[in-house]
Every structure is written in C-alpha cells, then in structure tokens.
$ cat my_file-v2.csv   # CSV, C-alpha atoms and all ligand atoms
chain,number,residue,atom,x,y,z
A,1,MET,CA,19.9,2.2,-3.7
A,2,ILE,CA,16.4,2.2,-2.1
A,3,VAL,CA,16.2,3.0,1.5
A,4,TYR,CA,13.2,1.7,3.5
A,5,ARG,CA,11.9,3.6,6.6
A,6,THR,CA,9.2,2.8,9.1
A,7,ASP,CA,9.8,5.9,11.2
A,8,VAL,CA,8.4,8.6,8.9
A,9,ILE,CA,5.0,9.6,7.7
A,10,PRO,CA,5.2,11.6,4.4
A,11,ASP,CA,3.4,14.9,4.3
A,12,VAL,CA,0.4,15.3,2.0
A,13,ALA,CA,2.3,16.9,-0.9
A,14,THR,CA,5.0,14.2,-0.9
A,15,ALA,CA,2.6,11.4,-0.7
A,16,ARG,CA,0.3,13.0,-3.3
A,17,ALA,CA,3.2,13.1,-5.8
A,18,LEU,CA,3.8,9.3,-5.3
A,19,TYR,CA,0.1,8.4,-5.6
A,20,ALA,CA,-0.3,10.6,-8.7
A,21,ASP,CA,2.6,8.8,-10.3
A,22,CYS,CA,0.9,5.4,-10.3
A,23,SER,CA,-2.6,4.2,-10.9
A,24,LEU,CA,-3.6,4.4,-7.3
A,25,GLY,CA,-3.9,8.2,-7.5
A,26,ALA,CA,-7.1,7.9,-9.4
A,27,ARG,CA,-8.6,5.6,-6.7
A,28,ARG,CA,-7.8,7.7,-3.6
A,29,PRO,CA,-9.0,11.2,-2.5
A,30,ILE,CA,-5.5,12.7,-3.0
A,31,ASP,CA,-6.8,16.2,-3.9
A,32,ASP,CA,-8.8,16.5,-0.6
A,33,ASP,CA,-6.1,17.6,1.8
A,34,ALA,CA,-8.1,17.0,5.0
A,35,ARG,CA,-9.2,13.5,3.9
A,36,PHE,CA,-5.9,12.4,2.4
A,37,GLY,CA,-4.0,13.9,5.4
A,38,ALA,CA,-6.2,11.9,7.8
A,39,MET,CA,-5.4,8.7,5.9
A,40,LEU,CA,-1.7,9.4,6.2
A,41,ALA,CA,-1.9,10.5,9.9
A,42,HIS,CA,-4.0,7.7,11.2
A,43,ALA,CA,-2.4,4.7,9.6
A,44,ASN,CA,-0.4,3.2,12.4
A,45,LEU,CA,2.1,1.3,10.3
A,46,THR,CA,3.7,3.1,7.4
A,47,VAL,CA,6.6,1.7,5.4
A,48,THR,CA,8.2,4.1,2.9
A,49,ALA,CA,10.7,3.5,0.1
A,50,TRP,CA,13.1,6.3,-0.8
A,51,ASP,CA,15.4,6.8,-3.8
A,52,GLY,CA,17.5,9.7,-2.5
A,53,GLY,CA,15.0,12.3,-1.6
A,54,THR,CA,12.2,10.9,-3.7
A,55,LEU,CA,9.4,8.9,-2.1
A,56,VAL,CA,9.0,6.0,-4.6
A,57,GLY,CA,6.9,3.5,-2.6
A,58,ILE,CA,4.6,3.2,0.4
A,59,SER,CA,2.8,0.5,2.3
A,60,ARG,CA,0.1,2.1,4.6
A,61,SER,CA,-1.6,-0.2,7.1
A,62,LEU,CA,-3.7,-0.2,10.2
A,63,THR,CA,-2.6,-3.0,12.6
A,64,ASP,CA,-3.3,-4.2,16.1
A,65,PHE,CA,0.2,-5.7,16.1
A,66,GLY,CA,-1.2,-9.0,17.4
A,67,PHE,CA,-3.8,-10.5,15.0
A,68,THR,CA,-4.6,-8.4,11.9
A,69,THR,CA,-2.9,-5.9,9.7
A,70,TYR,CA,-5.2,-4.2,7.2
A,71,LEU,CA,-3.0,-3.1,4.3
A,72,ALA,CA,-4.9,0.0,3.0
A,73,ASP,CA,-2.5,1.1,0.3
A,74,LEU,CA,0.4,-0.3,-1.5
A,75,ALA,CA,1.9,1.9,-4.2
A,76,VAL,CA,5.1,2.2,-6.1
A,77,ARG,CA,5.9,4.9,-8.7
A,78,ASP,CA,5.5,3.8,-12.3
A,79,ALA,CA,9.2,4.0,-13.2
A,80,TRP,CA,10.2,2.1,-10.1
A,81,GLN,CA,7.8,-0.8,-10.5
A,82,ARG,CA,8.8,-4.4,-11.0
A,83,HIS,CA,12.1,-4.0,-9.1
A,84,GLY,CA,11.0,-5.8,-6.0
A,85,ILE,CA,10.0,-2.6,-4.0
A,86,GLY,CA,6.4,-3.7,-3.5
A,87,ARG,CA,7.4,-7.1,-2.3
A,88,GLU,CA,10.0,-5.5,0.1
A,89,LEU,CA,7.3,-3.1,1.4
A,90,ILE,CA,5.0,-6.0,2.2
A,91,ARG,CA,7.9,-8.0,3.8
A,92,ARG,CA,8.7,-5.1,6.1
A,93,THR,CA,5.0,-4.6,6.9
A,94,GLN,CA,4.8,-8.3,7.9
A,95,GLN,CA,8.0,-8.1,9.8
A,96,ALA,CA,6.7,-5.1,11.9
A,97,ALA,CA,3.8,-7.2,13.1
A,98,PRO,CA,4.9,-10.8,12.7
A,99,GLN,CA,1.9,-12.4,14.5
A,100,ALA,CA,-0.7,-10.5,12.4
A,101,LYS,CA,-2.2,-11.7,9.2
A,102,ILE,CA,-2.3,-9.2,6.4
A,103,VAL,CA,-5.7,-8.4,4.9
A,104,LEU,CA,-6.3,-6.2,1.8
A,105,LEU,CA,-8.5,-5.4,-1.1
A,106,ALA,CA,-6.7,-5.5,-4.4
A,107,ALA,CA,-7.1,-2.6,-6.8
A,108,PRO,CA,-8.0,-3.8,-10.4
A,109,ALA,CA,-4.4,-3.2,-11.5
A,110,ALA,CA,-3.1,-5.5,-8.8
A,111,VAL,CA,-5.5,-8.5,-8.8
A,112,ASP,CA,-2.8,-10.7,-10.3
A,113,TYR,CA,0.0,-9.2,-8.2
A,114,TYR,CA,-1.1,-10.5,-4.7
A,115,PRO,CA,-1.3,-14.2,-5.6
A,116,ARG,CA,2.0,-13.8,-7.4
A,117,VAL,CA,3.7,-12.8,-4.2
A,118,GLY,CA,2.0,-15.4,-2.0
A,119,PHE,CA,-1.4,-14.1,-0.9
A,120,ARG,CA,-4.3,-16.5,-1.0
A,121,HIS,CA,-7.8,-15.4,-2.0
A,122,HIS,CA,-10.5,-15.2,0.6
A,123,ALA,CA,-14.1,-15.5,-0.5
A,124,SER,CA,-15.7,-13.8,2.6
A,125,ALA,CA,-14.8,-10.2,2.3
A,126,TRP,CA,-17.5,-7.7,3.0
A,127,LEU,CA,-17.7,-4.0,2.4
A,128,LEU,CA,-19.9,-1.2,3.7
A,129,ASP,CA,-19.2,2.0,1.7
A,130,PRO,CA,-19.6,5.4,3.4
A,131,ASP,CA,-23.0,6.0,1.7
A,132,ASP,CA,-24.3,2.5,2.3
A,133,ALA,CA,-27.2,2.2,4.6
A,134,LEU,CA,-26.8,0.0,7.6
A,135,ARG,CA,-29.9,-2.1,8.0
A,201,LIG,C1,1.1,-3.4,-7.5
A,201,LIG,C2,2.4,-2.8,-7.1
A,201,LIG,C3,2.4,-2.2,-5.7
A,201,LIG,C4,3.5,-3.8,-7.3
A,201,LIG,O1,4.8,-3.3,-6.8
A,201,LIG,P1,6.1,-3.6,-7.6
A,201,LIG,O2,7.2,-3.0,-6.8
A,201,LIG,O3,6.0,-3.1,-9.0
A,201,LIG,O4,6.1,-5.2,-7.6
A,201,LIG,P2,7.4,-6.2,-7.3
A,201,LIG,O5,8.5,-5.7,-8.1
A,201,LIG,O6,7.5,-6.4,-5.9
A,201,LIG,O7,6.8,-7.5,-8.0
A,201,LIG,C5,6.9,-8.8,-7.5
A,201,LIG,C6,6.5,-9.8,-8.6
A,201,LIG,O8,5.2,-9.5,-9.0
A,201,LIG,C7,5.2,-9.2,-10.4
A,201,LIG,N1,4.2,-8.1,-10.6
A,201,LIG,C8,4.4,-6.8,-10.4
A,201,LIG,N2,3.3,-6.1,-10.7
A,201,LIG,C9,2.4,-7.0,-11.1
A,201,LIG,C10,1.0,-6.9,-11.5
A,201,LIG,N3,0.4,-5.7,-11.5
A,201,LIG,N4,0.4,-8.0,-11.8
A,201,LIG,C11,1.0,-9.2,-11.8
A,201,LIG,N5,2.3,-9.4,-11.4
A,201,LIG,C12,3.0,-8.3,-11.0
A,201,LIG,C13,6.6,-8.8,-10.7
A,201,LIG,O9,6.9,-9.0,-12.1
A,201,LIG,C14,7.4,-9.7,-9.8
A,201,LIG,O10,7.4,-11.0,-10.4
A,201,LIG,P3,8.7,-12.0,-10.1
A,201,LIG,O11,8.6,-12.4,-8.7
A,201,LIG,O12,8.5,-13.1,-11.1
A,201,LIG,O13,9.9,-11.2,-10.4
A,201,LIG,C15,2.8,-1.6,-8.1
A,201,LIG,O14,2.8,-2.1,-9.4
A,201,LIG,C16,1.8,-0.4,-8.0
A,201,LIG,O15,2.0,0.5,-7.2
A,201,LIG,N6,0.7,-0.4,-8.9
A,201,LIG,C17,-0.2,0.7,-9.0
A,201,LIG,C18,-1.0,0.9,-7.7
A,201,LIG,C19,-1.7,-0.3,-7.3
A,201,LIG,O16,-2.5,-0.9,-8.0
A,201,LIG,N7,-1.5,-0.7,-6.0
A,201,LIG,C20,-2.2,-1.8,-5.4
A,201,LIG,C21,-3.3,-1.3,-4.6
A,201,LIG,S1,-4.2,-2.6,-3.8
$ encode --input "my_file-v2.csv" --output "structure tokens" --more "lines below"
Ligand SMILES: CC(C)(COP(=O)(O)OP(=O)(O)OC[C@H]1O[C@@H](n2cnc3c(N)ncnc32)[C@H](O)[C@@H]1OP(=O)(O)O)[C@@H](O)C(=O)NCCC(=O)NCCS
Amino acid sequence: MIVYRTDVIPDVATARALYADCSLGARRPIDDDARFGAMLAHANLTVTAWDGGTLVGISRSLTDFGFTTYLADLAVRDAWQRHGIGRELIRRTQQAAPQAKIVLLAAPAAVDYYPRVGFRHHASAWLLDPDDALR
C-alpha cells in the first residue's frame, strides 16, 4: 500500500536515493548537498509517496496557493512507475492549492506523459538559465 504525505520534507540522502532511481537524477544537482538541500527546503508544497519506509515518489512545487503552482519535480522510482503514483501525486498537489493552475516543464522522458494525464501544451514558456545574460 502506498501512503501519501504532504507533511514531510525528505532529507537529502532519502531524496537523492529516489532521484537516483529514476531518470530525473541525471537532470538535477543531486550530488551537490547545499543546492539539492535548498531545492528540498524551499519548495513550499511537497507531496511524497511511501512504500513502507521507502520514499518511492515525490511532487515538489512552489505555489502561492491562489493562482499558480510551479511543479518543479515529479519523480517515481523506476520499479514503482506506471502504477498511478505520478497521477496521484499530481492530484494531491492540485488538491492542496485548488484555485491554482499547475505549470511545469517536462523532462524529455515525460513529454508524452503530461498530455496523457490531462495537461495542455502552452506555447509561451520562457526560460532564463542561471548563466544567461539579462539584456
Ligand atoms: C513521469 C513519471 C513521473 C510518471 O509517473 P508514473 O507513476 O509512472 O505514471 P502513472 O502511473 O501516474 O501514469 C499515468 C498514465 O500515464 C502513462 N505513462 C506513464 N509514464 C509515461 C510516459 N513516460 N510517457 C507516456 N505515458 C506515460 C501510464 O501508462 C498511465 O496510463 P493509463 O492512464 O493509460 O493507465 C515517472 O515515470 C517518472 O518519474 N519518470 C522519470 C522522471 C521524470 O521524467 N519525471 C518528470 C519530470 S518533468
């Protein structure tokens, strides 16, 4: 049985084990304790999925609880994928801030996932990476 929690932020080692066990680990700075720790600490809406004592899924968002929820990371351990955990993590994220729209950038492995579960594509997304010059 999977237990979902919104009242816990996993520590760096626990979260690292989850990210390392799915393709998102290669796309996030999980070996930089300070940076990864900041990501975990400063998200203000974190939904976790637990199988016993094992963290098997996470939805990590920044939300204003009124208008927009930025879903920064959605991850499910490889062996637990395609059992509805990702969908349930998103459902609980939406439920925690019901007036807010969820905005996200899909990782390459998940570009077909979001339309599958109901997201619509938006053509006006804009990025400024940390090293990009602001003109
Ligand atoms: C993407 C991810 C979060 C999906 O979580 P999940 O728990 O495996 O997905 P669910 O079980 O909720 O799947 C819901 C539906 O989407 C389908 N689906 C799952 N992964 C999919 C994918 N990568 N592409 C297309 N469809 C997918 C499922 O088959 C299911 O279909 P159904 O409604 O017909 O049964 C998970 O595969 C993952 O962590 N991937 C690696 C990390 C990653 O890329 N994260 C996204 C970062 S933006």
$ residues_near_ligand --input "my_file-v2.csv" --ligand "ligand LIG 201 (chain A)" --cutoff "9 Å" --atoms "all atoms listed in the file" --output "ChimeraX atom specification"
/A:19,21-25,27,57-59,71-90,104-117
$ residues_around --input "my_file-v2.csv" --residues "Ala96 of chain A" --least-positions-apart "4" --cutoff "10 Å" --atoms "only C-alpha atoms" --output "list in words"
Thr6, Leu45, Thr46, Val47, Thr63, Phe65, Thr69, Ile90, Arg91, Arg92 and Ala100 of chain A
$ atom_distance --input "my_file-v2.csv" --atom1 "atom CA of Gln99 of chain A" --atom2 "atom CA of Ser124 of chain A"
21.3 Å
$ atom_distance --input "my_file-v2.csv" --atom1 "atom CA of Ala34 of chain A" --atom2 "atom CA of Leu18 of chain A"
17.5 Å
$ atom_distance --input "my_file-v2.csv" --atom1 "atom CA of Ala38 of chain A" --atom2 "atom CA of Arg60 of chain A"
12.1 Å
$ closest_residue --input "my_file-v2.csv" --among "A:Leu127, A:Leu55, A:Ala20, A:Val8" --to "Ala43 of chain A" --atoms "only C-alpha atoms"
A:Val8
$ residues_near_point --input "my_file-v2.csv" --point "(1.0, 13.4, -1.0)" --cutoff "10 Å" --atoms "only C-alpha atoms" --output "PyMOL selection string"
chain A and resi 10-20+25+30-31+33+36-37+40+55
$ closest_residue --input "my_file-v2.csv" --among "A:Val103, A:Val56, A:Ala97, A:Ile2" --to "Ala125 of chain A" --atoms "all atoms listed in the file"
A:Val103
$ decode --input "my_file-v2.csv" --residues "segment 29-51 of chain A" --atoms "C-alpha atoms" --output "JSON list (two decimals), in the first residue's frame"
[["chain", "number", "residue", "atom", "x", "y", "z"],
["A", 29, "PRO", "CA", 22.17, 18.54, -8.95],
["A", 30, "ILE", "CA", 21.61, 15.65, -6.54],
["A", 31, "ASP", "CA", 25.30, 15.34, -5.61],
["A", 32, "ASP", "CA", 25.56, 18.98, -4.51],
["A", 33, "ASP", "CA", 24.27, 18.75, -0.93],
["A", 34, "ALA", "CA", 23.82, 22.51, -0.48],
["A", 35, "ARG", "CA", 21.99, 23.05, -3.76],
["A", 36, "PHE", "CA", 19.87, 19.92, -3.57],
["A", 37, "GLY", "CA", 19.13, 20.66, 0.09],
["A", 38, "ALA", "CA", 17.97, 24.16, -0.84],
["A", 39, "MET", "CA", 15.68, 22.75, -3.51],
["A", 40, "LEU", "CA", 14.06, 20.46, -0.96],
["A", 41, "ALA", "CA", 13.89, 23.02, 1.84],
["A", 42, "HIS", "CA", 12.42, 25.89, -0.16],
["A", 43, "ALA", "CA", 9.72, 24.13, -2.11],
["A", 44, "ASN", "CA", 6.55, 25.07, -0.23],
["A", 45, "LEU", "CA", 4.37, 22.17, -1.37],
["A", 46, "THR", "CA", 5.89, 18.71, -1.26],
["A", 47, "VAL", "CA", 3.83, 15.56, -1.70],
["A", 48, "THR", "CA", 5.63, 12.31, -1.02],
["A", 49, "ALA", "CA", 4.69, 8.68, -1.69],
["A", 50, "TRP", "CA", 5.96, 5.96, 0.64],
["A", 51, "ASP", "CA", 6.01, 2.18, 0.35]]
